[in-house]
Structure formats: structure tokens, C-alpha cells
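Asks: Before I ask anything, here is the structure I am working with.
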Amino acid sequence: PRTTAPSEGIEGCERFLSPGKGRGMRATKHFKVGDLIFVCPAYSYVLTVNERGGHCECCFTRREALSKCGKCKQAYYCNVECQKGDWPMHKLECSAMCSYGENWCPSETVRLVARIILKQKFQAERTQSERLLALKEFEAHLDKMDNEKNEMNQTDIAALRHFYSRHLDFPDNAALTELFAQVNCNGFTIEDEELSHLGSAVFPDVALMNHSCSPNVIVTYKGTLAEVRAVQEISPGEEIFNSYIDLLYPTEDRNERLRDSYFFTCDCKECTTKSKDKAKMEICRKLSTPPEPEEIREMVRYGKNIIEEFRRANELLEICELSLEKMGSIFEDTNVYMLHMMYQAMGVCLYMQDWDGAMKYGEKIVQPYSVHYPPYSLNVASMYLKLGRLYLGLEKKAEGVKALKKAVSIMNVVFGKDHHYIAEIKKEMEEQK
């Protein structure tokens, strides 16, 4: 039996050829801010290893007391239904995890691709995730990949063959190379309300939307469903744009990232006017003579390098503080390179359970974030949320409730008013009374 006729499409949206961008999605009716435009179930998905035990592998529900798979004892589920529902995918890994033990270590991308290959075997019809775009149509950009990316791809293919040979018949190397490239360009990471990484997935219809640095929709997740909501008014005939990257950074940085990961340069209004770059690149006000352009470029290089180094470093907080001190000699606190290091410092404080330290950084970050990011931004919402929860933990009730309210006002638009994240936060606020 046909599960869905792909001809049914998505109400209010259509696929079209976007000038200069290839295919895209446009509205066929009017959407106002906060409207749910469409919902897309994951075509295939995988829970990240770090969240095992905290979330159900099948539906990603977060809860205490999940029951674990009796065989591998590493996958956790809400109940028998979830366990049965996940078995076709979990069986790819269950016995292998038992036999490999500690040596079981495929990357998340490899795990996701294995599941896609399996799904393609028994799913011939288009799915509810492919009403406007089929997974097979994904761009791979093989011609644009450099040696480093090709090598990473081949490493992934080798790992796939190594870890999954018992349960999967693989397509040939050319098809695998294409599939990995498609997933790297079109895959999504599922995040929770604090932007913690929960897993990886493919949502074909969501991947149809082109990128803009002032997007008119935002994608959030409810379990393994992607929900797309309007964050600007959208008129019939207008193209629907999502953002593929973190929008904190100045134009040049954003486009570097877009070229590296997605092989294009953005020409949206924000990229052509660079209207926020001046605020994002604020120079220290207390300097008697403004720094030379070369000095600024040098400090930007330093900022980028330190961000890279930071990912590898151990004495994290010390590096943050030293780099903030150094960059603070030229940059204002609201400068995005300063904000990035403060965000990292806040993360380190949270990790070290230095709640006061985390709170102080959060307080410095949250205002500039609301200037630099678009009006409805998950980055801003999650910062208010983290800060609100910190305040409450530190017995600062009034501040806590105020910050949580600000988080909720953004989340009402981007997650929809009936999302369980919002119910959870409202409960936290109730408990303060």
C-alpha cells in the first residue's frame, strides 16, 4: 500500500526554482510571525552517544527511569512500544556493540548513513519527510570537495564497512561517496532548548529551504520531528529562508563558514548591506587613537585562531580570561569575538560548577546577543534560559523569573506555545511562587 502520495505536497508551500540558488521553497499563502508552516518527521535519525540513558533512542523524550535494551544495555527506551519501534534501526548496532565492546566507535555520521542505507532498502515509496524533496535529490557537491573532505569521506566509508558489514549490503564506493557527501551538506543536528546536541538526522523537506542570514523561518525540534515556524511576516510568492549557520559572526566569517560547509556565498540583504558588522566588530571606546586597519585584521586573526585553539585546550578558563584581557585592549565587550570567549568561559564555569562565574558571563552576553541576533533567535532564548535557571539555583528568584519570561516570549514563537519545553519552564516559574 502507498504510504503517502508525494503529490499531496505541503499546504501553503511549494517547490520552485529560485533565481541563482537552484531549487527552493516559497509560500503560497500568508504566514504571520509564530505560525507553524510545516512539520517534517525525520527520514532517519540517531541519538548522540553522550545522551544515552537521558533520552529515549526512539522518540528522544527526556525523562528519568528509562528502560534499557536487555542485550547491549546501552540503548534506553520509554517503553516496549518505543523499543519495538526502534528495533529495525537498533539491530544494526546492538549485537555489534556487544561483540566490539570498547572498540565500537563509528562516528555519528557513519551511524546515520548506516540507518539511511537500511531505510532505503525497505522504503521504496516517498515518505512523509519527502513531500517536496526526495532524499535521492540531495546535492552532493562532489566536484567542489577538496582533498581533506574527500579523505574524511573515505575514512567514514571504511568505518561503515568495518562496523556494519554483518547487517548491511553496501552500495558501491561511488554511491557511498555520494551519500556521505549528501548527508554532510544536508544533515541536521537536533538540539534541545539549551542548544545541547541530541543527535543527527535528515529532514529532506527542511533541506529544500535555501539559506539567508536574515531568515524568515526557524527550525526547532519536538522529539524527532522538525517544526518550521515563521519569524517574519511571509507573503504569498515569497521565498522561505532558513539559516544554516550561527548568525552571531560578521559577514566575512559567515560566508567563510558557508563556503566551507555548503559551497556557496550568501547574497542576502544582511550580507550585501553588512548592516550589523559595525556593531559586531565594535572597537574599544576608551582608546585615544583608533587602531590601524591592519591592527584590527591582526586581532581578528588572533580571535579566530584562539577560537580554534580553544577547542583543543585544557586550561580553558585561564585561556578565556587571558584572551578576553588581550582582546579587551582593542575590542569592546559587545564585540562578537569577546562574546564568543565569554560564552566559552561561561561553559567552562558551568562545567566546573562555578555558578557565580557562569552567571556573571551570562549577564554580559545576553544584551549584546539580542542586538546581534535576529529578533527570534534560539541563541538568545537559550541564553535567557540558562541565565534564568542559574539565577533560580542561586536563589535570585525575581531575576530568574524575569529571564525565564524573556526566554518564553521568544520560545512561544519558535517552538509554538504548546511545546513541552515551554510547559517545563512555566512549571519552574510556578514553583517560585
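Naming scheme: A, B, ... for chains in displayed order of the C-alpha cells; residues 1 onward per chain; ligands 1 onward as shown.
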List as a list in words the protein and nucleic acid residues near Ile218 of chain A, meaning an atom at most 7 Å away when only C-alpha atoms are counted, but skip any in the same chain fewer than 6 places from it.

Replies: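 Listing them by chain and then by number gives Val228, Arg229, Ala230, Val231, Asn242 and Val414 of chain A.
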
Asks: Please, could you write that set of residues out with N, CA, C and O atoms as an mmCIF file, in the first residue's frame?

Replies:
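Once everything was written out, this is again.cif:
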data_model
loop_
_atom_site.group_PDB
_atom_site.id
_atom_site.type_symbol
_atom_site.label_atom_id
_atom_site.label_comp_id
_atom_site.auth_asym_id
_atom_site.auth_seq_id
_atom_site.Cartn_x
_atom_site.Cartn_y
_atom_site.Cartn_z
ATOM 1 N N VAL A 228 8.848 23.931 11.510
ATOM 2 C CA VAL A 228 9.307 25.157 10.848
ATOM 3 C C VAL A 228 8.283 26.253 11.113
ATOM 4 O O VAL A 228 7.107 26.103 10.772
ATOM 5 N N ARG A 229 8.735 27.342 11.750
ATOM 6 C CA ARG A 229 7.825 28.449 12.081
ATOM 7 C C ARG A 229 8.326 29.768 11.520
ATOM 8 O O ARG A 229 9.523 30.004 11.417
ATOM 9 N N ALA A 230 7.354 30.632 11.216
ATOM 10 C CA ALA A 230 7.686 31.963 10.679
ATOM 11 C C ALA A 230 8.221 32.858 11.793
ATOM 12 O O ALA A 230 7.649 32.901 12.884
ATOM 13 N N VAL A 231 9.322 33.560 11.513
ATOM 14 C CA VAL A 231 9.825 34.561 12.459
ATOM 15 C C VAL A 231 9.772 35.960 11.827
ATOM 16 O O VAL A 231 10.210 36.938 12.411
ATOM 17 N N ASN A 242 15.694 29.642 5.616
ATOM 18 C CA ASN A 242 16.156 29.159 6.921
ATOM 19 C C ASN A 242 17.596 29.667 7.069
ATOM 20 O O ASN A 242 18.176 30.171 6.128
ATOM 21 N N VAL A 414 9.101 30.437 18.363
ATOM 22 C CA VAL A 414 9.915 29.491 17.592
ATOM 23 C C VAL A 414 9.577 28.020 17.860
ATOM 24 O O VAL A 414 9.755 27.187 16.974
#

Asks: To test your reading of the structure, identify every residue in segment 113-282 of chain A that backbone DSSP assigns to alpha helix (DSSP H), and report it as a ChimeraX atom specification.

Replies: /A:113-122,147-164,173-186,204-207,251-262,269-273,277-280

Asks: Each residue of segment 154-257 of chain A lying at most 12 Å from segment 142-150 of chain A should get a row with its shortest atom-to-atom pair and the distance in Å to one decimal, counting only C-alpha atoms; could you produce that, ordered by chain and increasing number, as a tab-separated table?

Replies:
residue	atom	partner	partner_atom	distance
A:Gln154	CA	A:Asn150	CA	6.3
A:Thr155	CA	A:Asn150	CA	8.7
A:Asp156	CA	A:Asn150	CA	9.9
A:Ile157	CA	A:Asn150	CA	10.6
A:Ala174	CA	A:Leu142	CA	10.5
A:Ala175	CA	A:Leu142	CA	11.4
A:Leu176	CA	A:Leu142	CA	11.7
A:Thr177	CA	A:Asn150	CA	8.4
A:Glu178	CA	A:Leu142	CA	7.1
A:Leu179	CA	A:Leu142	CA	10.2
A:Phe180	CA	A:Asn150	CA	10.0
A:Ala181	CA	A:Leu142	CA	6.8
A:Gln182	CA	A:Leu142	CA	8.8
A:Val183	CA	A:Leu142	CA	11.9
A:Asn184	CA	A:Lys149	CA	10.0
A:Cys185	CA	A:Leu142	CA	10.4

Asks: Mind dumping the selected residues with N, CA and C atoms as a short mmCIF file (atom, residue, chain, number, x, y, z; two decimals), in the first residue's frame?

Replies:
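After the write, part-v4.cif holds the following:
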data_model
loop_
_atom_site.label_atom_id
_atom_site.label_comp_id
_atom_site.auth_asym_id
_atom_site.auth_seq_id
_atom_site.Cartn_x
_atom_site.Cartn_y
_atom_site.Cartn_z
N GLN A 154 36.29 9.11 2.74
CA GLN A 154 36.80 7.73 2.57
C GLN A 154 37.02 7.06 3.93
N THR A 155 37.45 7.85 4.92
CA THR A 155 37.61 7.30 6.28
C THR A 155 36.26 6.84 6.82
N ASP A 156 35.23 7.67 6.59
CA ASP A 156 33.88 7.31 7.03
C ASP A 156 33.39 6.03 6.33
N ILE A 157 33.68 5.92 5.03
CA ILE A 157 33.24 4.74 4.28
C ILE A 157 33.93 3.48 4.83
N ALA A 174 31.25 4.48 -5.21
CA ALA A 174 30.82 5.77 -5.77
C ALA A 174 29.51 6.22 -5.12
N ALA A 175 28.58 5.29 -4.95
CA ALA A 175 27.29 5.62 -4.34
C ALA A 175 27.47 6.02 -2.88
N LEU A 176 28.38 5.31 -2.19
CA LEU A 176 28.64 5.64 -0.78
C LEU A 176 29.28 7.03 -0.67
N THR A 177 30.22 7.31 -1.56
CA THR A 177 30.89 8.62 -1.55
C THR A 177 29.85 9.72 -1.72
N GLU A 178 28.92 9.49 -2.65
CA GLU A 178 27.87 10.48 -2.88
C GLU A 178 26.96 10.62 -1.67
N LEU A 179 26.58 9.49 -1.07
CA LEU A 179 25.66 9.53 0.07
C LEU A 179 26.27 10.28 1.26
N PHE A 180 27.54 10.00 1.56
CA PHE A 180 28.19 10.72 2.67
C PHE A 180 28.25 12.22 2.38
N ALA A 181 28.57 12.57 1.14
CA ALA A 181 28.64 14.00 0.78
C ALA A 181 27.25 14.64 0.90
N GLN A 182 26.21 13.92 0.49
CA GLN A 182 24.84 14.44 0.60
C GLN A 182 24.47 14.67 2.06
N VAL A 183 24.82 13.71 2.92
CA VAL A 183 24.46 13.84 4.33
C VAL A 183 25.26 14.98 4.98
N ASN A 184 26.52 15.14 4.59
CA ASN A 184 27.31 16.23 5.16
C ASN A 184 26.76 17.59 4.78
N CYS A 185 26.19 17.72 3.57
CA CYS A 185 25.63 19.02 3.14
C CYS A 185 24.21 19.23 3.60
#

Asks: May I ask for the distance between atom CA of Gly347 of chain A and atom CA of Arg259 of chain A, given in Å to one decimal place?

Replies: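 According to the coordinates, atom CA of Gly347 of chain A and atom CA of Arg259 of chain A are separated by 28.0 Å.
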
Asks: To one decimal place in Å, what is the distance between atom CA of Gln120 of chain A and atom CA of Ala96 of chain A?

Replies: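 Result for atom CA of Gln120 of chain A versus atom CA of Ala96 of chain A: 21.0 Å, one decimal.
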
Asks: Grab the atom CA of Met346 of chain A to atom CA of Lys386 of chain A distance for me, in Å with one decimal place.

Replies: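 Separation of atom CA of Met346 of chain A and atom CA of Lys386 of chain A: 10.1 Å.
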
Asks: Within 10 Å of segment 130-133 of chain A, counting only C-alpha atoms, which residues show up once you throw out same-chain ones fewer than 3 positions away? Write them as a ChimeraX atom specification, please.

Replies: /A:4-10,13-16,23-25,40-43,125-127,136-138,203-209

Asks: Could you name the residues that touch segment 20-22 of chain A at 12 Å or less, counting only C-alpha atoms, but leaving out those on the same chain fewer than 4 positions away, as a PDB file with N, CA, C and O atoms, in the first residue's frame?

Replies:
ATOM      1  N   ARG A  15       7.490  24.009  -4.074  1.00  0.00           N
ATOM      2  CA  ARG A  15       8.867  23.962  -4.539  1.00  0.00           C
ATOM      3  C   ARG A  15       8.958  24.810  -5.806  1.00  0.00           C
ATOM      4  O   ARG A  15       8.027  24.839  -6.603  1.00  0.00           O
ATOM      5  N   PHE A  16      10.055  25.543  -5.974  1.00  0.00           N
ATOM      6  CA  PHE A  16      10.207  26.353  -7.195  1.00  0.00           C
ATOM      7  C   PHE A  16      11.689  26.522  -7.484  1.00  0.00           C
ATOM      8  O   PHE A  16      12.537  26.123  -6.681  1.00  0.00           O
ATOM      9  N   PHE A 138      19.127  15.096  -3.013  1.00  0.00           N
ATOM     10  CA  PHE A 138      20.065  15.960  -2.284  1.00  0.00           C
ATOM     11  C   PHE A 138      21.293  16.308  -3.133  1.00  0.00           C
ATOM     12  O   PHE A 138      21.851  15.448  -3.817  1.00  0.00           O
ATOM     13  N   GLU A 139      21.746  17.548  -3.028  1.00  0.00           N
ATOM     14  CA  GLU A 139      23.005  17.971  -3.652  1.00  0.00           C
ATOM     15  C   GLU A 139      24.167  17.305  -2.918  1.00  0.00           C
ATOM     16  O   GLU A 139      24.151  17.228  -1.683  1.00  0.00           O
ATOM     17  N   LEU A 208      15.140  21.514   1.689  1.00  0.00           N
ATOM     18  CA  LEU A 208      14.801  22.220   0.451  1.00  0.00           C
ATOM     19  C   LEU A 208      14.951  23.741   0.608  1.00  0.00           C
ATOM     20  O   LEU A 208      15.256  24.443  -0.348  1.00  0.00           O
ATOM     21  N   MET A 209      14.759  24.236   1.822  1.00  0.00           N
ATOM     22  CA  MET A 209      14.829  25.692   2.031  1.00  0.00           C
ATOM     23  C   MET A 209      16.254  26.190   1.831  1.00  0.00           C
ATOM     24  O   MET A 209      17.205  25.581   2.306  1.00  0.00           O
ATOM     25  N   ASN A 210      16.369  27.322   1.146  1.00  0.00           N
ATOM     26  CA  ASN A 210      17.678  27.961   0.984  1.00  0.00           C
ATOM     27  C   ASN A 210      18.036  28.767   2.225  1.00  0.00           C
ATOM     28  O   ASN A 210      17.187  29.026   3.076  1.00  0.00           O
ATOM     29  N   HIS A 211      19.322  29.173   2.284  1.00  0.00           N
ATOM     30  CA  HIS A 211      19.829  29.900   3.443  1.00  0.00           C
ATOM     31  C   HIS A 211      19.703  31.407   3.281  1.00  0.00           C
ATOM     32  O   HIS A 211      19.858  31.943   2.186  1.00  0.00           O
ATOM     33  N   SER A 212      19.447  32.097   4.391  1.00  0.00           N
ATOM     34  CA  SER A 212      19.613  33.548   4.445  1.00  0.00           C
ATOM     35  C   SER A 212      20.118  33.914   5.836  1.00  0.00           C
ATOM     36  O   SER A 212      19.798  33.223   6.815  1.00  0.00           O
ATOM     37  N   GLU A 239       9.968  33.728  -1.081  1.00  0.00           N
ATOM     38  CA  GLU A 239      10.776  32.546  -0.789  1.00  0.00           C
ATOM     39  C   GLU A 239      10.913  32.377   0.720  1.00  0.00           C
ATOM     40  O   GLU A 239      11.010  33.348   1.472  1.00  0.00           O
ATOM     41  N   PHE A 241      13.154  31.222   3.735  1.00  0.00           N
ATOM     42  CA  PHE A 241      14.583  31.052   4.034  1.00  0.00           C
ATOM     43  C   PHE A 241      14.821  30.626   5.470  1.00  0.00           C
ATOM     44  O   PHE A 241      14.281  31.211   6.404  1.00  0.00           O
ATOM     45  N   PHE A 263      29.429  25.267   0.306  1.00  0.00           N
ATOM     46  CA  PHE A 263      29.929  25.571  -1.045  1.00  0.00           C
ATOM     47  C   PHE A 263      29.177  26.702  -1.756  1.00  0.00           C
ATOM     48  O   PHE A 263      28.951  26.634  -2.944  1.00  0.00           O
ATOM     49  N   PHE A 264      28.745  27.724  -1.015  1.00  0.00           N
ATOM     50  CA  PHE A 264      28.190  28.900  -1.701  1.00  0.00           C
ATOM     51  C   PHE A 264      28.477  30.141  -0.865  1.00  0.00           C
ATOM     52  O   PHE A 264      28.816  30.046   0.317  1.00  0.00           O
ATOM     53  N   THR A 265      28.338  31.293  -1.499  1.00  0.00           N
ATOM     54  CA  THR A 265      28.461  32.574  -0.808  1.00  0.00           C
ATOM     55  C   THR A 265      27.078  33.196  -0.755  1.00  0.00           C
ATOM     56  O   THR A 265      26.349  33.182  -1.748  1.00  0.00           O
ATOM     57  N   CYS A 266      26.720  33.732   0.406  1.00  0.00           N
ATOM     58  CA  CYS A 266      25.368  34.274   0.598  1.00  0.00           C
ATOM     59  C   CYS A 266      25.290  35.699   0.048  1.00  0.00           C
ATOM     60  O   CYS A 266      26.224  36.482   0.196  1.00  0.00           O
ATOM     61  N   ASP A 267      24.149  36.016  -0.592  1.00  0.00           N
ATOM     62  CA  ASP A 267      23.967  37.389  -1.087  1.00  0.00           C
ATOM     63  C   ASP A 267      22.687  37.984  -0.500  1.00  0.00           C
ATOM     64  O   ASP A 267      22.015  38.812  -1.134  1.00  0.00           O
ATOM     65  N   CYS A 268      22.339  37.579   0.735  1.00  0.00           N
ATOM     66  CA  CYS A 268      21.117  38.095   1.351  1.00  0.00           C
ATOM     67  C   CYS A 268      21.313  39.569   1.706  1.00  0.00           C
ATOM     68  O   CYS A 268      22.415  40.107   1.610  1.00  0.00           O
TER      69      CYS A 268
END

Asks: Given only C-alpha atoms as the basis, pick out the residue of A:Cys69, A:Ile117, A:Leu394, A:Ile37 nearest to Val217 of chain A.

Replies: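 Going through A:Cys69, A:Ile117, A:Leu394, A:Ile37 one by one, the smallest distance to Val217 of chain A is for A:Ile37.
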
Asks: Hey, could you make a per-residue contact list for segment 383-409 of chain A against segment 368-378 of chain A with 10 Å as the cut-off, showing the nearest pair of atoms and its distance in Å to one decimal, counting only C-alpha atoms, sorted by chain and number, as a Markdown table?

Replies:
| residue | atom | partner | partner_atom | distance |
| --- | --- | --- | --- | --- |
| A:Met383 | CA | A:Leu378 | CA | 8.3 |
| A:Tyr384 | CA | A:Leu378 | CA | 9.8 |
| A:Ala407 | CA | A:Leu378 | CA | 9.0 |
| A:Ser409 | CA | A:Tyr376 | CA | 9.1 |

Asks: So which one's closest to Gly199 of chain A, A:Val336, A:Met281, A:Ala158, A:Val46? Using only C-alpha atoms, please.

Replies: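 Checking each of A:Val336, A:Met281, A:Ala158, A:Val46 against Gly199 of chain A, counting only C-alpha atoms, the winner is A:Val46.
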
Asks: So that I can check the secondary structure, give me every residue of segment 5-66 of chain A assigned strand (DSSP E) by backbone DSSP, as a compact mmCIF listing (two decimals) with C-alpha atoms, in the first residue's frame.

Replies:
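selection.txt was written with the following content:
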# COMPACT_ATOMS: atom_id res chain seq x y z
CA CYS A 13 4.29 25.95 0.39
CA GLU A 14 5.58 24.94 -2.99
CA ARG A 15 8.87 23.96 -4.54
CA PHE A 16 10.21 26.35 -7.19
CA LEU A 17 13.40 27.35 -8.98
CA SER A 18 14.93 30.22 -7.05
CA GLY A 22 18.63 26.42 -7.68
CA ARG A 23 15.55 24.89 -6.14
CA GLY A 24 13.94 26.36 -3.07
CA MET A 25 10.65 26.70 -1.24
CA ARG A 26 8.17 29.56 -1.43
CA ALA A 27 4.95 30.45 0.34
CA LEU A 36 3.71 26.81 12.15
CA ILE A 37 4.46 26.47 8.43
CA PHE A 38 5.05 22.73 8.31
CA VAL A 39 6.21 19.74 10.32
CA CYS A 40 8.68 17.21 8.95
CA PRO A 41 9.37 13.84 10.57
CA SER A 44 16.30 8.84 9.52
CA TYR A 45 17.96 9.87 12.80
CA VAL A 46 20.32 8.76 15.57
CA LEU A 47 20.66 9.79 19.23

Asks: Taking into account only C-alpha atoms, which residue in the set A:Val219, A:Leu317, A:Met299, A:Cys284 is nearest to Ile240 of chain A?

Replies: A:Val219

Asks: Contacts of His420 of chain A at 12 Å or less, counting only C-alpha atoms, minus same-chain residues fewer than 2 places along, as a list in words?

Replies: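 Selected residues are Thr61, Arg62, Asp192, Glu193, Tyr221, Lys222, Gly223, Val408, Met411, Asn412, Phe415, Gly416, Lys417, Asp418, Ile422, Ala423, Glu424, Ile425, Lys426 and Lys427 of chain A.
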
Asks: Pick out the residues sitting within 8 Å of Met341 of chain A, and hand them over as a PyMOL selection string; count only C-alpha atoms, and ignore anything fewer than 3 positions along from it in its own chain.

Replies: chain A and resi 307+320+323-324+337-338+344-345

Asks: What's around Phe60 of chain A at 12 Å? Count only C-alpha atoms, leave out sequence neighbours fewer than 5 positions away in its own chain, and write the answer as a PyMOL selection string.

Replies: chain A and resi 42+45-48+51-55+66+75-78+82-83+86+190-192+197-201+221-225
